[in-house]
>>> print(open('target_17.cif').read())   # mmCIF, C-alpha atoms
data_final
loop_
_atom_site.label_atom_id
_atom_site.label_comp_id
_atom_site.auth_asym_id
_atom_site.auth_seq_id
_atom_site.Cartn_x
_atom_site.Cartn_y
_atom_site.Cartn_z
CA MET A 183 -95.31 -54.14 -100.59
CA ASP A 184 -92.75 -55.46 -98.14
CA LYS A 185 -91.17 -58.91 -98.20
CA ALA A 186 -93.69 -60.44 -95.79
CA GLN A 187 -96.60 -59.17 -97.88
CA ARG A 188 -94.95 -60.40 -101.06
CA ASP A 189 -94.42 -63.83 -99.55
CA GLU A 190 -98.03 -63.90 -98.39
CA LEU A 191 -99.21 -62.92 -101.88
CA ILE A 192 -97.15 -65.67 -103.50
CA ARG A 193 -98.48 -68.19 -100.97
CA LEU A 194 -102.03 -67.08 -101.69
CA ILE A 195 -101.79 -67.36 -105.46
CA THR A 196 -99.86 -70.61 -105.52
CA SER A 197 -101.97 -72.34 -102.87
CA PRO A 198 -105.24 -70.44 -102.68
CA PRO A 199 -107.81 -71.48 -100.09
CA ALA A 200 -110.41 -73.82 -101.53
CA GLY A 201 -113.56 -71.99 -102.52
CA SER A 202 -111.84 -68.60 -102.60
CA LYS A 203 -112.08 -66.09 -105.44
CA ILE A 204 -108.34 -66.51 -105.94
CA ALA A 205 -108.81 -70.25 -106.41
CA ALA A 206 -111.69 -69.57 -108.81
CA ALA A 207 -109.54 -67.20 -110.88
CA LYS A 208 -106.74 -69.74 -111.03
CA GLU A 209 -109.21 -72.45 -112.07
CA PHE A 210 -110.59 -70.05 -114.72
CA GLY A 211 -107.12 -69.83 -116.22
CA ILE A 212 -105.96 -66.42 -115.02
CA ASP A 213 -102.17 -66.21 -114.68
CA LEU A 214 -102.09 -64.86 -111.15
CA THR A 215 -98.31 -64.80 -111.05
CA LEU A 216 -98.53 -61.62 -113.14
CA LEU A 217 -100.15 -59.93 -110.16
CA VAL A 218 -96.99 -60.25 -108.09
CA ARG A 219 -95.31 -57.84 -110.46
CA THR A 220 -98.22 -55.42 -110.92
CA LEU A 221 -98.98 -55.20 -107.19
CA GLU A 222 -95.39 -54.22 -106.49
CA LEU A 223 -95.82 -51.19 -108.74
CA THR A 224 -97.42 -47.91 -107.82
CA PRO A 225 -100.71 -47.07 -109.57
CA THR A 226 -98.84 -44.62 -111.79
CA GLU A 227 -96.30 -47.27 -112.73
CA ARG A 228 -99.14 -49.66 -113.53
CA LEU A 229 -100.60 -47.17 -116.02
CA GLN A 230 -97.15 -46.56 -117.48
CA GLN A 231 -96.75 -50.32 -117.92
CA LEU A 232 -100.16 -50.44 -119.60
CA ALA A 233 -99.18 -47.65 -122.00
CA ALA A 234 -95.95 -49.45 -122.83
CA ALA A 235 -97.92 -52.62 -123.58
CA GLN A 236 -100.27 -50.66 -125.82
CA ALA A 237 -97.30 -49.25 -127.73
CA PHE A 238 -95.78 -52.70 -128.09
CA PHE A 239 -99.01 -54.22 -129.42
CA GLN A 240 -99.36 -51.32 -131.86
CA ASP A 241 -95.82 -51.96 -133.10
CA LEU A 242 -96.71 -55.62 -133.59
CA ARG A 243 -99.83 -54.72 -135.55
CA ASN A 244 -97.85 -52.32 -137.72
CA ALA A 245 -95.21 -54.98 -138.37
CA MET A 246 -97.87 -57.53 -139.31
CA LYS A 247 -99.49 -55.03 -141.65
CA ALA A 248 -96.15 -54.21 -143.26
CA ALA A 249 -95.34 -57.91 -143.66
CA SER A 250 -98.70 -58.69 -145.26
CA HIS A 251 -98.26 -55.84 -147.76
CA GLY A 252 -94.61 -56.64 -148.41
CA MET B 223 -101.76 -45.82 -127.33
CA VAL B 224 -103.28 -43.65 -124.62
CA ASP B 225 -101.19 -40.87 -123.11
CA PHE B 226 -102.75 -41.24 -119.66
CA GLN B 227 -100.62 -38.57 -118.09
CA ARG B 228 -101.46 -35.83 -120.58
CA ILE B 229 -105.18 -36.67 -120.76
CA LEU B 230 -105.53 -36.81 -116.98
CA THR B 231 -103.57 -33.58 -116.68
CA ALA B 232 -105.89 -31.87 -119.16
CA LEU B 233 -108.96 -33.06 -117.25
CA CYS B 234 -107.60 -32.21 -113.81
CA GLU B 235 -106.27 -28.80 -114.80
CA ALA B 236 -109.73 -27.96 -116.13
CA GLN B 237 -111.19 -29.18 -112.80
CA VAL B 238 -113.44 -31.71 -114.53
CA ARG B 239 -115.29 -33.96 -112.10
CA PHE B 240 -114.83 -37.53 -113.26
CA VAL B 241 -114.10 -41.07 -112.08
CA ILE B 242 -111.75 -43.40 -113.93
CA ILE B 243 -113.59 -46.62 -114.66
CA GLY B 244 -113.12 -49.70 -116.88
CA GLY B 245 -109.87 -51.30 -117.84
CA ALA B 246 -107.67 -48.38 -116.86
CA ALA B 247 -109.19 -48.42 -113.36
CA ALA B 248 -108.59 -52.16 -113.19
CA ALA B 249 -105.00 -51.63 -114.32
CA ALA B 250 -104.47 -48.98 -111.64
CA HIS B 251 -105.58 -51.58 -109.08
CA GLY B 252 -103.10 -54.11 -110.48
CA SER B 253 -104.95 -55.97 -113.24
CA ALA B 254 -102.65 -57.48 -115.83
CA PHE B 255 -105.28 -57.32 -118.60
CA PRO B 256 -104.51 -54.75 -121.29
CA THR B 257 -106.95 -52.09 -122.40
CA TYR B 258 -106.72 -49.64 -125.26
CA ASP B 259 -108.68 -46.67 -124.08
CA LEU B 260 -109.43 -44.53 -121.04
CA ASP B 261 -112.99 -44.76 -119.75
CA ILE B 262 -114.32 -42.06 -117.47
CA CYS B 263 -117.67 -41.43 -115.83
CA TYR B 264 -118.28 -37.69 -115.83
CA ASP B 265 -120.56 -35.45 -113.81
CA ARG B 266 -123.51 -34.39 -115.96
CA SER B 267 -123.93 -31.00 -114.32
CA ARG B 268 -123.94 -28.08 -116.74
CA ASP B 269 -120.77 -26.47 -115.43
CA ASN B 270 -118.85 -29.73 -115.49
CA ILE B 271 -119.96 -30.53 -119.03
CA GLY B 272 -118.62 -27.13 -120.08
CA ARG B 273 -115.28 -27.83 -118.42
CA LEU B 274 -115.11 -31.30 -119.99
CA ALA B 275 -115.77 -29.92 -123.47
CA SER B 276 -113.15 -27.20 -122.99
CA ALA B 277 -110.56 -29.68 -121.69
CA LEU B 278 -111.01 -32.04 -124.63
CA GLU B 279 -111.37 -29.47 -127.41
CA PRO B 280 -107.59 -28.95 -127.87
CA LEU B 281 -107.19 -32.73 -128.23
CA HIS B 282 -109.40 -32.70 -131.34
CA PRO B 283 -111.96 -35.28 -130.24
CA ARG B 284 -113.79 -37.16 -132.96
CA LEU B 285 -116.23 -40.04 -132.90
CA ARG B 286 -114.50 -43.41 -133.00
CA GLY B 287 -115.59 -46.00 -135.52
CA VAL B 288 -117.39 -43.69 -137.93
CA VAL B 289 -116.34 -42.37 -141.30
CA ASN B 290 -114.34 -39.19 -141.03
CA HIS B 291 -116.53 -37.08 -143.26
CA LEU B 292 -119.40 -37.13 -140.79
CA PRO B 293 -119.56 -33.69 -139.19
CA PHE B 294 -118.97 -33.80 -135.44
CA ARG B 295 -118.10 -31.23 -132.85
CA LEU B 296 -117.76 -32.16 -129.20
CA ASP B 297 -118.96 -29.04 -127.46
CA ALA B 298 -121.01 -28.59 -124.30
CA ALA B 299 -124.28 -28.78 -126.23
CA THR B 300 -123.27 -32.05 -127.85
CA ILE B 301 -122.36 -33.60 -124.50
CA ALA B 302 -125.52 -32.25 -122.85
CA ASN B 303 -127.67 -33.72 -125.62
CA GLY B 304 -125.96 -37.11 -125.44
CA MET B 305 -124.83 -39.38 -122.66
CA ASN B 306 -122.02 -41.77 -123.62
CA PHE B 307 -119.37 -40.99 -126.25
CA THR B 308 -116.62 -43.18 -127.71
CA LEU B 309 -113.93 -40.83 -128.93
CA SER B 310 -110.52 -40.75 -130.51
CA THR B 311 -108.27 -37.85 -129.62
CA ASP B 312 -104.74 -36.75 -130.43
CA LEU B 313 -103.69 -38.40 -127.14
CA GLY B 314 -105.53 -41.68 -127.62
CA ASP B 315 -109.01 -43.11 -127.29
CA ILE B 316 -111.28 -41.99 -124.47
CA ASP B 317 -114.83 -43.04 -123.61
CA LEU B 318 -117.07 -40.60 -121.78
CA LEU B 319 -119.87 -42.23 -119.80
CA GLY B 320 -122.63 -40.28 -118.15
CA GLU B 321 -123.92 -43.48 -116.61
CA VAL B 322 -122.21 -46.73 -115.75
CA THR B 323 -124.15 -49.97 -116.03
CA GLY B 324 -124.75 -51.49 -112.61
CA ILE B 325 -123.65 -48.35 -110.78
CA GLY B 326 -125.44 -45.24 -112.03
CA GLY B 327 -124.14 -41.75 -112.63
CA TYR B 328 -121.13 -39.80 -111.45
CA GLU B 329 -122.22 -39.42 -107.82
CA GLU B 330 -122.72 -43.16 -107.42
CA ALA B 331 -119.41 -43.90 -109.16
CA LYS B 332 -117.68 -41.35 -106.96
CA ARG B 333 -119.03 -43.01 -103.82
CA LEU B 334 -117.59 -46.31 -105.04
CA SER B 335 -114.18 -44.86 -105.83
CA LEU B 336 -110.78 -44.36 -104.25
CA ASN B 337 -108.69 -41.25 -104.59
CA LEU B 338 -105.35 -42.29 -106.04
CA VAL B 339 -102.44 -40.09 -106.99
CA LEU B 340 -101.68 -40.78 -110.64
CA PHE B 341 -98.83 -38.87 -112.28
CA GLY B 342 -98.94 -36.49 -109.36
CA LEU B 343 -102.66 -35.84 -109.82
CA GLU B 344 -105.32 -36.87 -107.35
CA CYS B 345 -107.87 -38.85 -109.33
CA ALA B 346 -111.00 -40.76 -108.36
CA VAL B 347 -110.70 -44.36 -109.51
CA LEU B 348 -113.57 -46.84 -109.34
CA SER B 349 -112.89 -49.37 -106.60
CA LEU B 350 -112.48 -53.08 -107.17
CA GLY B 351 -115.94 -53.56 -105.66
CA GLY B 352 -117.36 -51.00 -108.08
CA LEU B 353 -115.65 -52.65 -111.02
CA ILE B 354 -117.13 -56.01 -109.99
CA LEU B 355 -120.62 -54.50 -109.76
CA SER B 356 -120.27 -52.91 -113.19
CA LYS B 357 -118.83 -55.93 -114.93
CA ARG B 358 -121.42 -58.27 -113.46
CA ALA B 359 -124.21 -55.95 -114.58
CA THR B 360 -122.80 -55.43 -118.05
CA GLY B 361 -122.32 -59.14 -118.57
CA ARG B 362 -120.47 -58.86 -121.87
CA PRO B 363 -118.05 -61.70 -122.63
CA LYS B 364 -115.07 -59.35 -122.40
CA ASP B 365 -116.21 -58.18 -118.96
CA LEU B 366 -116.89 -61.69 -117.70
CA LEU B 367 -113.43 -62.71 -118.92
CA THR B 368 -111.72 -60.19 -116.65
CA LEU B 369 -114.09 -60.57 -113.69
CA PRO B 370 -112.33 -63.53 -112.00
CA GLU B 371 -109.03 -61.62 -111.91
CA ILE B 372 -110.68 -58.52 -110.39
CA GLU B 373 -112.46 -60.64 -107.79
CA ALA B 374 -109.11 -62.29 -106.98
CA LEU B 375 -107.47 -58.86 -106.71
CA ARG B 376 -110.15 -57.77 -104.26
CA GLU B 377 -109.54 -60.86 -102.18
CA VAL B 378 -105.80 -60.26 -102.26
CA ASP B 379 -106.47 -56.65 -101.26
CA SER B 380 -108.37 -57.80 -98.19
CA GLN B 381 -105.79 -60.39 -97.16
CA VAL B 382 -102.45 -58.83 -98.12
CA LYS B 383 -102.48 -55.25 -96.99
CA PRO B 384 -100.90 -52.99 -94.45
CA GLU B 385 -102.88 -52.15 -91.33
CA SER B 386 -103.38 -48.60 -92.57
CA GLY B 387 -105.71 -49.50 -95.42
CA PRO B 388 -106.08 -51.05 -98.85
CA ALA B 389 -103.10 -52.38 -100.78
CA GLU B 390 -102.96 -49.26 -102.96
CA THR B 391 -102.19 -46.99 -100.05
CA GLN B 392 -98.83 -48.51 -99.42
CA ASN B 393 -97.49 -47.23 -102.74
CA GLN B 394 -95.49 -44.09 -102.54
CA ASP B 395 -97.55 -42.15 -105.04
CA SER B 396 -100.91 -43.17 -103.69
CA VAL B 397 -100.86 -41.57 -100.28
CA ALA B 398 -104.24 -40.10 -101.09
CA GLY B 399 -105.61 -43.62 -101.61
CA LYS B 400 -108.56 -43.11 -99.34
CA ARG B 401 -111.93 -44.60 -100.05
CA ASN B 402 -114.77 -42.21 -100.81
CA GLU B 403 -117.18 -44.71 -99.28
CA GLN B 404 -117.22 -48.30 -98.19
CA GLU B 405 -117.24 -50.79 -101.04
CA PRO B 406 -120.29 -52.98 -101.39
CA SER B 407 -119.87 -56.51 -100.13
CA SER B 408 -119.52 -59.17 -102.79
#
>>> encode(input="target_17.cif", output="structure tokens")
Amino acid sequence: MDKAQRDELIRLITSPPAGSKIAAAKEFGIDLTLLVRTLELTPTERLQQLAAAQAFFQDLRNAMKAASHG
Amino acid sequence: MVDFQRILTALCEAQVRFVIIGGAAAAAHGSAFPTYDLDICYDRSRDNIGRLASALEPLHPRLRGVVNHLPFRLDAATIANGMNFTLSTDLGDIDLLGEVTGIGGYEEAKRLSLNLVLFGLECAVLSLGGLILSKRATGRPKDLLTLPEIEALREVDSQVKPESGPAETQNQDSVAGKRNEQEPSS
């Protein structure tokens, strides 16, 4: 994604056209600003980011479990 | 945690015919929603089922969500006699689907997929249009929750993209990001 595309993406998600799916997602409560980051990544990097999130959430669950048994 | 790279490598090295679907496919397209397993739609042909069973056997697949003392062996006969399997493996959870709600079997999923290079492997990944079809048809709350984001991603894909093709193709490791067939219109 080059700078022009990134700027266009930010414009779209901050001021989506009325009646668009982007506007509907924003209205629904989706944090579309997260897409700026994910769309800059390659598909492989996106899956790596997903795996890192999974590991983080697992660490959180383990910490909660340890705290509740402590 | 799913080791996507090692599972996909095992499947590709065994030449299993499959399409990545579900949350991992959505993530590959840019979704920010987390998922905790890898869902694939696999070809139900006899030879492919054999390759799938052989690829997964070293990963010690077992049924997810059942007590451990239930006997289970995921071999070709088991897969042939079933359809969809929710499994845990040594490399994370994987769901095997012979049919995808709203889409059909492997051939239909393949036609609605893109070839993306993931970890250096060319993999078929269900398109945003295919994901929308599936999630609308499934209609579960968790699917409907993610649907607006996927529909927005598809709209972004159509409006913010290089002239050469969909947004995915501009990434350096997705040069094989060609569509296997036109996506259905929304």
>>> closest_atom_pairs(input="target_17.cif", of="chain B", to="chain A", cutoff="6 Å", atoms="all atoms listed in the file", output="CSV")
residue,atom,partner,partner_atom,distance
B:Met223,CA,A:Gln236,CA,5.3
B:Ala250,CA,A:Pro225,CA,4.7
B:Gly252,CA,A:Thr220,CA,5.1
B:Leu340,CA,A:Thr226,CA,4.9
B:Phe341,CA,A:Thr226,CA,5.8
B:Pro370,CA,A:Ala207,CA,4.7
B:Glu371,CA,A:Ala207,CA,5.7
B:Glu373,CA,A:Lys203,CA,5.9
B:Ala374,CA,A:Ile204,CA,4.4
B:Val382,CA,A:Gln187,CA,5.9
B:Asn393,CA,A:Thr224,CA,5.1
>>> write_last_selection(input="target_17.cif", atoms="C-alpha atoms", output="short mmCIF file (atom, residue, chain, number, x, y, z; two decimals), in the coordinates of the input")
data_model
loop_
_atom_site.label_atom_id
_atom_site.label_comp_id
_atom_site.auth_asym_id
_atom_site.auth_seq_id
_atom_site.Cartn_x
_atom_site.Cartn_y
_atom_site.Cartn_z
CA MET B 223 -101.76 -45.82 -127.33
CA ALA B 250 -104.47 -48.98 -111.64
CA GLY B 252 -103.10 -54.11 -110.48
CA LEU B 340 -101.68 -40.78 -110.64
CA PHE B 341 -98.83 -38.87 -112.28
CA PRO B 370 -112.33 -63.53 -112.00
CA GLU B 371 -109.03 -61.62 -111.91
CA GLU B 373 -112.46 -60.64 -107.79
CA ALA B 374 -109.11 -62.29 -106.98
CA VAL B 382 -102.45 -58.83 -98.12
CA ASN B 393 -97.49 -47.23 -102.74
#
>>> residues_around(input="target_17.cif", residues="stretch 323-327 of chain B", least_positions_apart="4", cutoff="12 Å", atoms="all atoms listed in the file", output="PyMOL selection string")
chain B and resi 239-241+243-244+262-267+305-306+318-319+331-335+348-349+351-362+365+405-406
>>> atom_distance(input="target_17.cif", atom1="atom CA of B:Leu313", atom2="atom CA of B:Leu375")
29.2 Å
>>> resolve_selection(input="target_17.cif", expression="the PyMOL selection byres ((chain B and resi 276-285) around 10)", output="PDB file with C-alpha atoms, keeping the file's coordinate frame")
ATOM      1  CA  ILE B 229    -105.180 -36.670-120.760  1.00  0.00           C
ATOM      2  CA  LEU B 230    -105.530 -36.810-116.980  1.00  0.00           C
ATOM      3  CA  THR B 231    -103.570 -33.580-116.680  1.00  0.00           C
ATOM      4  CA  ALA B 232    -105.890 -31.870-119.160  1.00  0.00           C
ATOM      5  CA  LEU B 233    -108.960 -33.060-117.250  1.00  0.00           C
ATOM      6  CA  CYS B 234    -107.600 -32.210-113.810  1.00  0.00           C
ATOM      7  CA  GLU B 235    -106.270 -28.800-114.800  1.00  0.00           C
ATOM      8  CA  ALA B 236    -109.730 -27.960-116.130  1.00  0.00           C
ATOM      9  CA  GLN B 237    -111.190 -29.180-112.800  1.00  0.00           C
ATOM     10  CA  VAL B 238    -113.440 -31.710-114.530  1.00  0.00           C
ATOM     11  CA  ASN B 270    -118.850 -29.730-115.490  1.00  0.00           C
ATOM     12  CA  ILE B 271    -119.960 -30.530-119.030  1.00  0.00           C
ATOM     13  CA  GLY B 272    -118.620 -27.130-120.080  1.00  0.00           C
ATOM     14  CA  ARG B 273    -115.280 -27.830-118.420  1.00  0.00           C
ATOM     15  CA  LEU B 274    -115.110 -31.300-119.990  1.00  0.00           C
ATOM     16  CA  ALA B 275    -115.770 -29.920-123.470  1.00  0.00           C
ATOM     17  CA  ARG B 286    -114.500 -43.410-133.000  1.00  0.00           C
ATOM     18  CA  GLY B 287    -115.590 -46.000-135.520  1.00  0.00           C
ATOM     19  CA  VAL B 288    -117.390 -43.690-137.930  1.00  0.00           C
ATOM     20  CA  VAL B 289    -116.340 -42.370-141.300  1.00  0.00           C
ATOM     21  CA  ASN B 290    -114.340 -39.190-141.030  1.00  0.00           C
ATOM     22  CA  LEU B 292    -119.400 -37.130-140.790  1.00  0.00           C
ATOM     23  CA  PRO B 293    -119.560 -33.690-139.190  1.00  0.00           C
ATOM     24  CA  PHE B 294    -118.970 -33.800-135.440  1.00  0.00           C
ATOM     25  CA  ARG B 295    -118.100 -31.230-132.850  1.00  0.00           C
ATOM     26  CA  LEU B 296    -117.760 -32.160-129.200  1.00  0.00           C
ATOM     27  CA  ASP B 297    -118.960 -29.040-127.460  1.00  0.00           C
ATOM     28  CA  ALA B 298    -121.010 -28.590-124.300  1.00  0.00           C
ATOM     29  CA  PHE B 307    -119.370 -40.990-126.250  1.00  0.00           C
ATOM     30  CA  THR B 308    -116.620 -43.180-127.710  1.00  0.00           C
ATOM     31  CA  LEU B 309    -113.930 -40.830-128.930  1.00  0.00           C
ATOM     32  CA  SER B 310    -110.520 -40.750-130.510  1.00  0.00           C
ATOM     33  CA  THR B 311    -108.270 -37.850-129.620  1.00  0.00           C
ATOM     34  CA  ASP B 312    -104.740 -36.750-130.430  1.00  0.00           C
ATOM     35  CA  LEU B 313    -103.690 -38.400-127.140  1.00  0.00           C
ATOM     36  CA  GLY B 314    -105.530 -41.680-127.620  1.00  0.00           C
ATOM     37  CA  ASP B 315    -109.010 -43.110-127.290  1.00  0.00           C
ATOM     38  CA  ILE B 316    -111.280 -41.990-124.470  1.00  0.00           C
ATOM     39  CA  ASP B 317    -114.830 -43.040-123.610  1.00  0.00           C
TER      40      ASP B 317
END
>>> atom_distance(input="target_17.cif", atom1="atom CA of B:Phe255", atom2="atom CA of B:Phe226")
16.3 Å
>>> atom_distance(input="target_17.cif", atom1="atom CA of B:Ile242", atom2="atom CA of B:Glu377")
21.2 Å
>>> closest_residue(input="target_17.cif", among="B:Lys364, B:His251, B:His291, B:Arg268", to="B:Val347", atoms="all atoms listed in the file")
B:His251
>>> axis_aligned_box(input="target_17.cif", around="stretch 244-253 of chain B", padding_each_side="3 Å", output="JSON")
{"center_x": -108.1, "center_y": -52.2, "center_z": -113.5, "size_x": 16.0, "size_y": 13.6, "size_z": 14.8}
>>> decode(input="target_17.cif", residues="stretch 193-239 of chain A", atoms="C-alpha atoms", output="CSV table (one decimal), in the first residue's frame")
chain,number,residue,atom,x,y,z
A,193,ARG,CA,-10.4,9.1,4.1
A,194,LEU,CA,-12.8,6.2,3.4
A,195,ILE,CA,-12.9,5.0,7.0
A,196,THR,CA,-13.1,8.4,8.6
A,197,SER,CA,-15.7,9.8,6.2
A,198,PRO,CA,-17.3,6.9,4.5
A,199,PRO,CA,-19.9,7.5,1.8
A,200,ALA,CA,-23.5,7.5,3.2
A,201,GLY,CA,-25.1,4.2,2.6
A,202,SER,CA,-21.8,2.3,2.1
A,203,LYS,CA,-20.8,-0.9,3.7
A,204,ILE,CA,-17.9,1.0,5.3
A,205,ALA,CA,-20.4,3.4,6.9
A,206,ALA,CA,-22.6,0.5,8.0
A,207,ALA,CA,-19.6,-1.2,9.7
A,208,LYS,CA,-18.7,2.0,11.4
A,209,GLU,CA,-22.3,2.5,12.6
A,210,PHE,CA,-22.2,-1.1,13.8
A,211,GLY,CA,-19.3,-0.3,16.1
A,212,ILE,CA,-16.4,-1.8,14.2
A,213,ASP,CA,-13.1,0.0,14.8
A,214,LEU,CA,-12.1,0.5,11.2
A,215,THR,CA,-8.9,2.3,12.1
A,216,LEU,CA,-7.5,-1.2,12.9
A,217,LEU,CA,-7.7,-2.0,9.2
A,218,VAL,CA,-5.2,0.7,8.3
A,219,ARG,CA,-2.6,-1.4,10.1
A,220,THR,CA,-3.7,-4.8,8.9
A,221,LEU,CA,-4.0,-3.8,5.3
A,222,GLU,CA,-0.4,-2.5,5.3
A,223,LEU,CA,0.8,-6.0,6.2
A,224,THR,CA,1.3,-8.9,3.9
A,225,PRO,CA,-1.1,-11.8,4.3
A,226,THR,CA,1.7,-13.8,6.0
A,227,GLU,CA,2.3,-10.9,8.4
A,228,ARG,CA,-1.4,-10.8,9.1
A,229,LEU,CA,-1.4,-14.5,10.2
A,230,GLN,CA,1.7,-13.9,12.2
A,231,GLN,CA,0.0,-11.0,14.0
A,232,LEU,CA,-3.0,-13.3,14.6
A,233,ALA,CA,-0.8,-16.0,16.1
A,234,ALA,CA,0.9,-13.4,18.3
A,235,ALA,CA,-2.6,-12.2,19.5
A,236,GLN,CA,-3.6,-15.8,20.3
A,237,ALA,CA,-0.4,-16.3,22.3
A,238,PHE,CA,-1.1,-13.1,24.2
A,239,PHE,CA,-4.7,-14.0,25.0
